[in-house]
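Participant: Sharing upload_11.cif (mmCIF, C-alpha atoms) below.
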```cif
data_coords
loop_
_atom_site.label_atom_id
_atom_site.label_comp_id
_atom_site.auth_asym_id
_atom_site.auth_seq_id
_atom_site.Cartn_x
_atom_site.Cartn_y
_atom_site.Cartn_z
CA MET A 1 15.49 -11.09 -37.51
CA LYS A 2 19.09 -10.94 -36.31
CA PHE A 3 20.19 -13.43 -33.65
CA PRO A 4 23.05 -12.96 -31.16
CA GLY A 5 26.42 -14.42 -32.03
CA ARG A 6 26.49 -16.61 -28.93
CA LEU A 7 23.30 -18.36 -30.14
CA VAL A 8 24.77 -18.92 -33.60
CA PHE A 9 27.88 -20.40 -31.97
CA ALA A 10 25.82 -22.61 -29.65
CA LEU A 11 24.00 -24.04 -32.65
CA SER A 12 27.13 -24.56 -34.72
CA ILE A 13 29.08 -26.53 -32.10
CA LEU A 14 26.48 -29.30 -32.22
CA GLY A 15 28.18 -30.58 -35.36
CA ILE A 16 25.48 -29.47 -37.80
CA SER A 17 27.05 -27.26 -40.43
CA PHE A 18 25.46 -24.04 -41.64
CA ALA A 19 23.77 -24.49 -45.00
CA GLU A 20 25.67 -21.66 -46.70
CA ALA A 21 29.02 -22.93 -45.38
CA GLU A 22 28.80 -26.45 -46.80
CA PRO A 23 30.83 -27.06 -49.95
CA ALA A 24 29.36 -28.76 -52.98
CA LEU A 25 30.47 -32.38 -52.74
CA MET A 26 30.64 -35.37 -55.03
CA GLU A 27 29.10 -37.99 -52.74
CA GLY A 28 30.78 -41.34 -52.37
CA ILE A 29 32.02 -43.86 -49.84
CA ALA A 30 35.24 -43.10 -48.00
CA ALA A 31 35.46 -46.44 -46.16
CA VAL A 32 33.38 -49.42 -45.10
CA VAL A 33 33.58 -50.79 -41.55
CA ASP A 34 31.81 -54.05 -40.70
CA GLY A 35 29.45 -53.51 -43.64
CA LYS A 36 28.59 -49.92 -42.63
CA PRO A 37 29.79 -47.05 -44.87
CA ILE A 38 31.59 -43.86 -43.94
CA MET A 39 30.33 -41.38 -46.53
CA ARG A 40 32.69 -38.98 -48.27
CA SER A 41 30.61 -35.99 -47.09
CA GLU A 42 30.74 -37.27 -43.50
CA TYR A 43 34.51 -37.55 -43.74
CA LEU A 44 34.98 -34.11 -45.34
CA ASN A 45 32.71 -32.37 -42.83
CA ALA A 46 34.70 -33.95 -39.98
CA LEU A 47 37.95 -32.94 -41.69
CA TYR A 48 36.86 -29.29 -42.13
CA ARG A 49 35.88 -29.07 -38.46
CA TYR A 50 39.14 -30.65 -37.31
CA GLN A 51 41.22 -28.29 -39.47
CA GLU A 52 39.75 -25.38 -37.48
CA THR A 53 41.02 -26.74 -34.15
CA PRO A 54 44.45 -25.88 -32.68
CA GLU A 55 45.42 -29.58 -32.84
CA GLY A 56 44.46 -29.80 -36.50
CA ASN A 57 46.29 -26.58 -37.41
CA ALA A 58 49.50 -28.06 -36.04
CA MET A 59 49.36 -31.01 -38.49
CA SER A 60 50.13 -31.35 -42.16
CA GLU A 61 47.13 -31.90 -44.44
CA ALA A 62 48.11 -35.53 -44.99
CA ASP A 63 48.26 -36.15 -41.23
CA GLN A 64 44.92 -34.36 -40.78
CA ARG A 65 43.26 -36.63 -43.34
CA LYS A 66 44.72 -39.79 -41.82
CA TYR A 67 43.81 -38.78 -38.27
CA VAL A 68 40.20 -37.89 -39.12
CA LEU A 69 39.61 -41.06 -41.12
CA ASP A 70 41.13 -43.18 -38.33
CA GLN A 71 38.83 -41.49 -35.82
CA LEU A 72 35.75 -42.19 -37.96
CA ILE A 73 36.81 -45.80 -38.43
CA ASP A 74 37.33 -46.22 -34.69
CA GLU A 75 33.88 -44.76 -34.09
CA LYS A 76 32.29 -47.24 -36.51
CA VAL A 77 34.25 -50.09 -34.93
CA LEU A 78 32.92 -49.00 -31.55
CA LEU A 79 29.36 -48.84 -32.90
CA SER A 80 29.75 -52.31 -34.40
CA ARG A 81 29.51 -53.58 -30.82
CA ILE A 82 25.86 -52.41 -30.65
CA ASP A 83 24.56 -55.43 -32.57
CA ARG A 84 27.14 -57.80 -31.12
CA ASP A 85 26.22 -56.81 -27.55
CA SER A 86 22.45 -56.64 -28.27
CA ILE A 87 22.24 -53.06 -27.01
CA VAL A 88 18.82 -51.47 -27.62
CA ILE A 89 18.19 -47.72 -27.53
CA THR A 90 14.49 -46.83 -27.61
CA ASP A 91 13.02 -43.91 -29.58
CA ALA A 92 11.43 -42.64 -26.35
CA GLU A 93 14.85 -42.37 -24.68
CA VAL A 94 16.26 -40.46 -27.65
CA ASP A 95 13.25 -38.12 -27.78
CA GLN A 96 13.62 -37.38 -24.06
CA ARG A 97 17.29 -36.46 -24.55
CA VAL A 98 16.46 -34.29 -27.58
CA ASN A 99 13.77 -32.39 -25.67
CA ALA A 100 16.08 -31.89 -22.71
CA HIS A 101 18.89 -30.70 -24.97
CA LEU A 102 16.69 -28.16 -26.75
CA SER A 103 15.31 -26.83 -23.46
CA GLN A 104 18.82 -26.53 -22.02
CA LEU A 105 20.09 -24.80 -25.17
CA ALA A 106 17.25 -22.28 -25.07
CA ALA A 107 17.78 -21.63 -21.34
CA SER A 108 21.54 -21.19 -21.76
CA GLN A 109 20.91 -18.49 -24.36
CA ASN A 110 18.21 -16.83 -22.24
CA THR A 111 15.57 -17.39 -24.91
CA ASP A 112 12.52 -19.59 -25.52
CA LEU A 113 11.92 -22.53 -27.84
CA ALA A 114 9.97 -20.40 -30.34
CA THR A 115 12.91 -17.99 -30.73
CA LEU A 116 15.30 -20.93 -30.91
CA GLU A 117 13.24 -22.42 -33.74
CA LYS A 118 13.42 -19.13 -35.67
CA ALA A 119 17.19 -19.01 -35.13
CA ILE A 120 17.59 -22.57 -36.43
CA ARG A 121 15.58 -21.76 -39.56
CA ALA A 122 17.44 -18.48 -40.15
CA GLN A 123 20.98 -19.66 -39.38
CA LEU A 124 20.88 -23.29 -40.51
CA GLY A 125 18.27 -23.04 -43.26
CA ILE A 126 16.31 -26.03 -41.96
CA SER A 127 13.07 -26.54 -40.07
CA MET A 128 12.86 -27.54 -36.42
CA ALA A 129 11.66 -31.00 -37.53
CA GLN A 130 14.76 -31.44 -39.71
CA TYR A 131 16.99 -30.15 -36.93
CA ARG A 132 15.41 -32.55 -34.44
CA ASP A 133 15.98 -35.43 -36.87
CA GLN A 134 19.68 -34.58 -37.23
CA LEU A 135 20.03 -34.07 -33.49
CA SER A 136 18.26 -37.38 -32.81
CA LYS A 137 20.80 -39.24 -34.94
CA GLN A 138 23.70 -37.61 -33.12
CA ILE A 139 22.23 -38.24 -29.68
CA ARG A 140 21.41 -41.88 -30.53
CA SER A 141 25.01 -42.37 -31.62
CA HIS A 142 26.31 -40.75 -28.40
CA ILE A 143 24.05 -42.95 -26.26
CA GLU A 144 25.13 -46.06 -28.13
CA MET A 145 28.81 -45.28 -27.66
CA ALA A 146 28.23 -44.49 -24.00
CA ARG A 147 26.50 -47.85 -23.50
CA VAL A 148 29.35 -49.73 -25.18
CA ARG A 149 31.84 -47.78 -23.11
CA GLN A 150 29.97 -48.51 -19.89
CA ARG A 151 29.69 -52.22 -20.66
CA HIS A 152 33.32 -52.81 -21.63
CA VAL A 153 35.19 -50.09 -19.73
CA GLY A 154 32.97 -49.10 -16.83
CA SER A 155 34.13 -46.46 -14.36
CA VAL A 156 37.77 -46.14 -13.37
CA SER A 157 38.71 -44.86 -9.91
CA PRO A 158 42.32 -43.68 -10.14
CA THR A 159 44.63 -43.95 -7.16
CA LYS A 160 46.29 -40.84 -5.75
CA LYS A 161 49.52 -42.01 -7.40
CA GLU A 162 47.76 -42.18 -10.78
CA VAL A 163 46.20 -38.73 -10.30
CA ASP A 164 49.60 -37.27 -9.37
CA ALA A 165 51.21 -38.91 -12.41
CA PHE A 166 48.46 -37.64 -14.71
CA PHE A 167 48.87 -34.09 -13.41
CA ALA A 168 52.65 -34.25 -13.78
CA ASP A 169 52.32 -35.40 -17.40
CA PHE A 170 49.50 -33.11 -18.54
CA LYS A 171 49.50 -30.03 -16.28
CA ASP A 172 50.84 -27.84 -19.09
CA SER A 173 47.93 -28.79 -21.35
CA ILE A 174 45.14 -28.52 -18.75
CA PRO A 175 43.13 -25.41 -19.68
CA GLN A 176 43.19 -22.40 -17.38
CA GLN A 177 40.05 -21.16 -15.67
CA PHE A 178 38.77 -17.70 -16.61
CA ASN A 179 36.56 -15.27 -14.66
CA CYS A 180 36.44 -17.66 -11.73
CA VAL A 181 35.30 -17.54 -8.12
CA LEU A 182 36.08 -19.52 -4.99
CA LEU A 183 32.90 -20.25 -3.03
CA SER A 184 31.85 -21.66 0.32
CA HIS A 185 28.30 -22.25 1.48
CA ILE A 186 26.12 -23.28 4.39
CA GLN A 187 23.10 -25.41 3.52
CA LEU A 188 20.16 -25.34 5.91
CA PRO A 189 17.38 -27.70 4.79
CA ILE A 190 13.77 -27.13 5.84
CA LEU A 191 12.94 -30.29 7.75
CA PRO A 192 9.64 -31.35 9.34
CA ASP A 193 9.60 -31.75 13.09
CA SER A 194 9.62 -35.19 14.69
CA MET A 195 5.87 -35.26 15.31
CA ILE A 196 5.16 -35.05 11.57
CA VAL A 197 7.81 -37.66 10.76
CA ASP A 198 6.41 -40.08 13.35
CA SER A 199 2.79 -39.59 12.30
CA VAL A 200 3.56 -40.26 8.62
CA LYS A 201 5.55 -43.36 9.58
CA ARG A 202 2.52 -44.74 11.41
CA ILE A 203 0.50 -44.39 8.21
CA ALA A 204 3.24 -46.22 6.25
CA ASP A 205 3.27 -49.01 8.85
CA ALA A 206 -0.51 -49.35 8.47
CA LEU A 207 -0.16 -49.65 4.69
CA ILE A 208 2.42 -52.41 5.08
CA ASP A 209 -0.03 -54.24 7.36
CA THR A 210 -2.64 -53.91 4.61
CA LEU A 211 -0.19 -55.33 2.06
CA ASN A 212 0.51 -58.24 4.39
CA LEU A 213 -3.22 -59.03 4.35
CA GLY A 214 -3.07 -59.43 0.57
CA MET A 215 -4.03 -56.00 -0.77
CA SER A 216 -2.63 -55.16 -4.22
CA PHE A 217 0.53 -53.02 -4.12
CA GLU A 218 -0.51 -51.27 -7.34
CA LEU A 219 -3.92 -50.29 -5.96
CA LEU A 220 -2.46 -48.95 -2.72
CA ALA A 221 0.16 -46.98 -4.67
CA LYS A 222 -2.51 -45.41 -6.88
CA ALA A 223 -4.58 -44.49 -3.83
CA HIS A 224 -1.87 -43.28 -1.44
CA SER A 225 1.52 -42.66 -3.09
CA GLN A 226 2.41 -38.96 -3.29
CA ASP A 227 4.50 -38.85 -6.45
CA THR A 228 4.09 -39.13 -10.22
CA SER A 229 4.61 -42.91 -10.22
CA ALA A 230 1.28 -43.37 -8.42
CA ALA A 231 -0.60 -43.40 -11.73
CA LYS A 232 1.53 -46.38 -12.80
CA GLY A 233 0.98 -48.32 -9.58
CA GLY A 234 4.19 -46.98 -8.10
CA ASP A 235 6.37 -48.28 -10.95
CA LEU A 236 9.61 -46.23 -11.07
CA GLY A 237 11.14 -48.08 -14.03
CA TYR A 238 14.77 -49.20 -14.30
CA PHE A 239 17.59 -47.32 -12.59
CA LYS A 240 21.28 -48.10 -12.49
CA ARG A 241 22.92 -48.48 -9.12
CA GLY A 242 23.84 -45.12 -7.63
CA GLN A 243 20.96 -43.21 -9.25
CA LEU A 244 18.46 -43.65 -6.42
CA ASP A 245 18.61 -42.55 -2.79
CA PRO A 246 21.18 -44.74 -0.95
CA ALA A 247 18.69 -45.76 1.78
CA PHE A 248 16.12 -46.75 -0.85
CA GLU A 249 18.75 -48.75 -2.77
CA ARG A 250 19.86 -50.56 0.39
CA ALA A 251 16.26 -51.62 0.98
CA LEU A 252 16.02 -52.94 -2.59
CA ASP A 253 19.27 -54.90 -2.22
CA VAL A 254 17.74 -57.34 0.29
CA LEU A 255 14.49 -57.91 -1.63
CA LYS A 256 13.73 -60.59 -4.18
CA ASN A 257 11.62 -59.95 -7.28
CA GLY A 258 8.07 -59.10 -6.27
CA GLN A 259 8.88 -58.49 -2.60
CA TYR A 260 8.27 -55.20 -0.77
CA SER A 261 10.09 -53.82 2.26
CA ALA A 262 8.93 -55.09 5.65
CA ASN A 263 9.52 -51.64 7.17
CA PRO A 264 9.16 -48.12 5.74
CA VAL A 265 12.34 -46.55 4.31
CA LYS A 266 13.21 -42.99 5.36
CA THR A 267 14.65 -40.50 2.85
CA LYS A 268 14.60 -36.71 2.63
CA LEU A 269 11.30 -36.97 0.75
CA GLY A 270 9.50 -38.94 3.42
CA TRP A 271 8.67 -42.59 4.08
CA HIS A 272 8.80 -45.15 1.25
CA ILE A 273 7.50 -48.67 0.91
CA ALA A 274 9.97 -50.11 -1.59
CA ARG A 275 9.33 -53.02 -3.95
CA VAL A 276 11.47 -54.86 -6.51
CA LEU A 277 9.79 -55.55 -9.85
CA GLY A 278 12.76 -56.96 -11.74
CA ARG A 279 16.52 -56.86 -12.11
CA LYS A 280 18.97 -56.39 -14.95
CA GLU A 281 22.71 -56.77 -15.07
CA ASP A 282 23.21 -53.02 -14.60
CA GLY A 283 20.16 -52.02 -12.57
CA VAL A 284 16.85 -52.74 -10.93
CA ARG A 285 13.24 -52.00 -11.76
CA SER A 286 11.47 -50.88 -8.61
CA ALA A 287 8.19 -49.47 -7.33
CA GLN A 288 7.26 -47.43 -4.30
CA ILE A 289 4.50 -46.01 -2.19
CA LEU A 290 5.77 -42.60 -1.08
CA LEU A 291 4.28 -40.74 1.86
CA ARG A 292 5.86 -37.31 2.04
CA THR A 293 6.86 -35.59 5.27
CA ILE A 294 6.02 -31.95 4.55
CA PRO A 295 7.42 -29.20 6.79
CA THR A 296 5.04 -26.66 8.32
CA ALA A 297 5.31 -22.89 8.10
CA LYS A 298 6.77 -22.98 11.61
CA ASP A 299 9.55 -25.31 10.42
CA THR A 300 10.34 -22.91 7.57
CA ALA A 301 10.37 -19.86 9.84
CA LYS A 302 12.82 -21.57 12.18
CA VAL A 303 15.32 -22.16 9.36
CA ILE A 304 14.93 -18.61 8.01
CA ALA A 305 15.64 -17.21 11.47
CA LEU A 306 18.82 -19.27 11.77
CA ALA A 307 19.97 -18.28 8.27
CA ASP A 308 19.38 -14.57 8.98
CA SER A 309 21.25 -14.79 12.27
CA LEU A 310 24.27 -16.48 10.68
CA GLN A 311 24.35 -14.01 7.79
CA LYS A 312 24.36 -11.00 10.14
CA ASN A 313 26.78 -12.30 12.77
CA ILE A 314 29.50 -14.14 10.80
CA LYS A 315 32.39 -11.70 10.30
CA SER A 316 35.34 -13.83 9.17
CA ALA A 317 36.29 -16.82 7.01
CA GLU A 318 37.11 -18.78 10.15
CA ALA A 319 33.69 -18.08 11.67
CA PHE A 320 31.97 -19.08 8.42
CA ALA A 321 33.90 -22.36 8.30
CA ALA A 322 33.02 -23.13 11.93
CA ALA A 323 29.33 -22.42 11.27
CA ALA A 324 29.38 -24.65 8.16
CA LYS A 325 30.83 -27.52 10.18
CA LYS A 326 28.19 -27.02 12.88
CA TYR A 327 25.04 -26.27 10.87
CA SER A 328 25.44 -27.19 7.18
CA GLU A 329 23.74 -30.39 6.03
CA ASP A 330 25.80 -30.65 2.84
CA LYS A 331 27.94 -33.66 3.72
CA SER A 332 30.17 -33.15 0.69
CA SER A 333 31.42 -29.78 1.95
CA ASN A 334 30.58 -29.21 5.64
CA PHE A 335 33.62 -31.13 6.87
CA ALA A 336 35.77 -28.69 4.84
CA GLY A 337 34.13 -25.61 6.34
CA GLY A 338 31.60 -25.35 3.52
CA ARG A 339 34.26 -25.01 0.81
CA LEU A 340 32.73 -25.68 -2.63
CA GLY A 341 35.85 -24.92 -4.65
CA TRP A 342 36.62 -22.86 -7.73
CA PHE A 343 34.08 -22.25 -10.50
CA GLN A 344 34.13 -20.38 -13.76
CA ARG A 345 31.18 -18.04 -13.57
CA ASN A 346 29.77 -19.36 -16.85
CA GLU A 347 29.91 -22.94 -15.54
CA MET A 348 28.32 -22.37 -12.15
CA GLU A 349 25.09 -24.04 -11.09
CA PRO A 350 22.34 -21.74 -12.42
CA ALA A 351 20.87 -21.33 -8.93
CA TYR A 352 24.23 -20.08 -7.62
CA VAL A 353 24.72 -17.31 -10.19
CA GLU A 354 22.39 -14.59 -8.88
CA PRO A 355 23.21 -14.92 -5.14
CA VAL A 356 26.95 -14.42 -5.73
CA ALA A 357 26.82 -12.07 -8.74
CA ASN A 358 27.32 -8.84 -6.77
CA LEU A 359 29.36 -10.13 -3.83
CA ASN A 360 32.79 -8.74 -3.07
CA VAL A 361 35.50 -11.04 -1.74
CA GLY A 362 34.75 -11.84 1.90
CA GLU A 363 31.04 -11.00 1.71
CA ILE A 364 28.17 -13.39 2.48
CA SER A 365 24.99 -13.55 0.44
CA GLU A 366 21.47 -13.11 1.71
CA PRO A 367 19.78 -16.47 2.43
CA VAL A 368 18.48 -18.00 -0.81
CA LEU A 369 16.06 -20.92 -1.17
CA ILE A 370 17.33 -23.69 -3.46
CA ASP A 371 15.69 -27.14 -3.67
CA GLY A 372 14.06 -27.02 -0.25
CA ALA A 373 17.03 -25.60 1.65
CA TYR A 374 18.28 -22.11 2.49
CA HIS A 375 21.85 -21.40 1.41
CA LEU A 376 24.36 -18.80 2.49
CA PHE A 377 27.22 -18.26 0.01
CA ARG A 378 30.56 -16.69 0.83
CA LEU A 379 32.84 -15.34 -1.91
CA ASP A 380 36.28 -16.44 -0.70
CA ASP A 381 38.29 -15.29 -3.73
CA SER A 382 37.91 -14.07 -7.31
CA ARG A 383 40.41 -14.18 -10.19
CA GLN A 384 40.36 -13.41 -13.89
CA THR A 385 42.63 -16.39 -14.69
CA ARG A 386 44.05 -19.26 -12.71
CA ASP A 387 45.78 -22.61 -13.21
CA LEU A 388 44.31 -25.74 -11.69
CA THR A 389 46.34 -27.17 -8.79
CA LEU A 390 46.27 -30.49 -6.99
CA GLU A 391 45.76 -28.73 -3.68
CA GLU A 392 42.65 -26.77 -4.68
CA ASP A 393 41.23 -28.77 -7.60
CA TYR A 394 41.97 -32.39 -6.75
CA GLY A 395 38.40 -33.53 -7.52
CA LYS A 396 38.42 -32.01 -11.02
CA ILE A 397 41.88 -33.38 -11.78
CA GLU A 398 40.88 -36.80 -10.42
CA GLN A 399 37.95 -36.85 -12.86
CA MET A 400 40.25 -35.85 -15.72
CA ALA A 401 42.63 -38.66 -14.76
CA ALA A 402 39.74 -41.14 -14.61
CA THR A 403 38.58 -40.11 -18.09
CA HIS A 404 42.13 -40.41 -19.40
CA LEU A 405 42.52 -43.94 -18.00
CA GLU A 406 39.10 -44.94 -19.34
CA ASN A 407 40.06 -43.63 -22.78
CA GLN A 408 43.30 -45.60 -22.70
CA LYS A 409 41.39 -48.76 -21.86
CA LEU A 410 38.84 -48.07 -24.59
CA GLU A 411 41.54 -47.34 -27.18
CA ALA A 412 43.13 -50.72 -26.44
CA LEU A 413 39.76 -52.44 -26.89
CA VAL A 414 39.03 -50.63 -30.16
CA LYS A 415 42.46 -51.60 -31.47
CA LYS A 416 41.63 -55.23 -30.67
CA TRP A 417 38.15 -54.94 -32.21
CA ARG A 418 39.57 -53.46 -35.43
CA ASP A 419 41.19 -56.86 -36.07
CA GLU A 420 37.79 -58.55 -35.67
CA VAL A 421 35.86 -56.56 -38.31
CA HIS A 422 36.30 -56.02 -42.03
CA ILE A 423 37.64 -52.55 -42.86
CA GLU A 424 37.87 -51.37 -46.47
CA ILE A 425 39.28 -47.91 -47.27
CA ARG A 426 37.98 -46.77 -50.66
CA MET A 427 39.01 -43.12 -50.74
CA THR A 428 42.45 -42.63 -52.23
CA GLU A 429 42.77 -38.85 -51.73
#
```
As structure tokens - that is how I would like this structure written.

Facilitator:
Amino acid sequence: MKFPGRLVFALSILGISFAEAEPALMEGIAAVVDGKPIMRSEYLNALYRYQETPEGNAMSEADQRKYVLDQLIDEKVLLSRIDRDSIVITDAEVDQRVNAHLSQLAASQNTDLATLEKAIRAQLGISMAQYRDQLSKQIRSHIEMARVRQRHVGSVSPTKKEVDAFFADFKDSIPQQFNCVLLSHIQLPILPDSMIVDSVKRIADALIDTLNLGMSFELLAKAHSQDTSAAKGGDLGYFKRGQLDPAFERALDVLKNGQYSANPVKTKLGWHIARVLGRKEDGVRSAQILLRTIPTAKDTAKVIALADSLQKNIKSAEAFAAAAKKYSEDKSSNFAGGRLGWFQRNEMEPAYVEPVANLNVGEISEPVLIDGAYHLFRLDDSRQTRDLTLEEDYGKIEQMAATHLENQKLEALVKKWRDEVHIEIRMTE
């Protein structure tokens, strides 16, 4: 069975070499870092991949070898912090990431897992079990490095001056965008009317009264909570700050371990009774009883009617921007007239692709339902190639600048850590 080239490429970029492409190697140890070896085959595979990049092609072979070995040593130095910092990565977490990665890879190639498994066997010469094992090792290593990075570097928020300086220094090396579109949208969520919201809140208040009388939180969660955590007594597990709904997090902030919120917490899902089960340095373990506020068919019909009316009556970019400011519930874009920014078509949110696929510049899509809200998309512009600019792409450039500053900070730490571990280079060629 012949598989499309894009699928072969998607498999190869994961860092797992094709069986027929691997050279016959005399195995050995290239270097030892803090008691952990860098194998000769590991070094040579990394070298062959680097030689195929534009950066590698611009170097002499001696410089290529030195650069690749230095990178592998830095990686091992970074990983040496795992034991020193007592960082634990569970098998369950790795398995979850592997499953998600395989599902995403299959979806991106418009195929299923069975076809993906056949492609792996045909193109890589290994079974799915072997592929999963290799992928698990890579993903575990990535998670470990991310945890070390988060602990010692954290997130950097560059100032406007730093973003401007980064752009001035690197604008010539920032990749162009290809086959790109400029989009705006209006987001109209389907919300329940006030009578439903108030009636569900009264139920939540009654449950809090029951808790105050001594009823078990776990039992009430199993009996009443309307989400998947109900089976576990409402236990949501650990989440880092910023991963949960802001209103829910604010309620947790004022609670001590074991306490639950004195009043229900409102989010877009409904009413929550929040509880703190434990805290860590980087997050909190919480539980909830969730009572959903579910819109009626009448609520849905009302939003559809508004979306249809806007789609038919908006005739200009200015009118679309005014409607976005008035009606759109997307707080990240409504203040800017619904402007979402530039996207490469192959990097767009999957749900956005079909609604805008056949639009001409200036046209507005039919209303489309995405995650409980109706969206109207407007194609503001379309270009085959474009350079990123501070005016139109500040958010993307800001993130690039943040990553650059984080990398600088991490490089300084790794340089310091190299002096703290034993490094022995054994390979002489």

Participant: Which residues of stretch 239-356 of chain A come within 8 Å of stretch 197-203 of chain A, and what is each one's closest atom pair and distance in Å (one decimal), counting all atoms listed in the file, sorted by chain and residue number, as CSV?

Facilitator:
```
residue,atom,partner,partner_atom,distance
A:Pro264,CA,A:Lys201,CA,7.1
A:Gly270,CA,A:Val197,CA,7.6
A:Trp271,CA,A:Lys201,CA,6.4
A:Leu291,CA,A:Val200,CA,6.8
A:Arg292,CA,A:Val200,CA,7.6
A:Thr293,CA,A:Val197,CA,5.9
```

Participant: For the selection you just gave me, I'd like the residues written to a file as a PDB file, in the frame of the given file, keeping C-alpha atoms.

Facilitator:
```pdb
ATOM      1  CA  PRO A 264       9.160 -48.120   5.740  1.00  0.00           C
ATOM      2  CA  GLY A 270       9.500 -38.940   3.420  1.00  0.00           C
ATOM      3  CA  TRP A 271       8.670 -42.590   4.080  1.00  0.00           C
ATOM      4  CA  LEU A 291       4.280 -40.740   1.860  1.00  0.00           C
ATOM      5  CA  ARG A 292       5.860 -37.310   2.040  1.00  0.00           C
ATOM      6  CA  THR A 293       6.860 -35.590   5.270  1.00  0.00           C
TER       7      THR A 293
END
```

Participant: In terms of the shortest atom-to-atom distance over all atoms listed in the file, which of A:Lys268, A:Arg140, A:Arg151, A:Lys118 is closest to A:Pro189?

Facilitator: A:Lys268

Participant: Name every residue that the PyMOL selection byres ((chain A and resi 232) around 12) selects in this structure, writing the answer as number ranges by chain with chains first and numbers rising.

Facilitator: A: 217-223, 225, 227-231, 233-237, 286-289

Participant: Using atom CA of A:Glu363 and atom CA of A:Glu391 as the two end points, give the distance in Å to one decimal.

Facilitator: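 If I compute the distance from atom CA of A:Glu363 to atom CA of A:Glu391, I get 23.7 Å.
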
Participant: Report as a PyMOL selection string the full result of the PyMOL selection byres ((chain A and resi 47) around 9) when it is applied to this structure.

Facilitator: chain A and resi 42-46+48-52+56+64-65+67-69

Participant: Using all atoms listed in the file for the distances, tell me which of A:Val181, A:Leu207, A:Val77, A:Val284 is nearest to A:Ala262.

Facilitator: A:Leu207
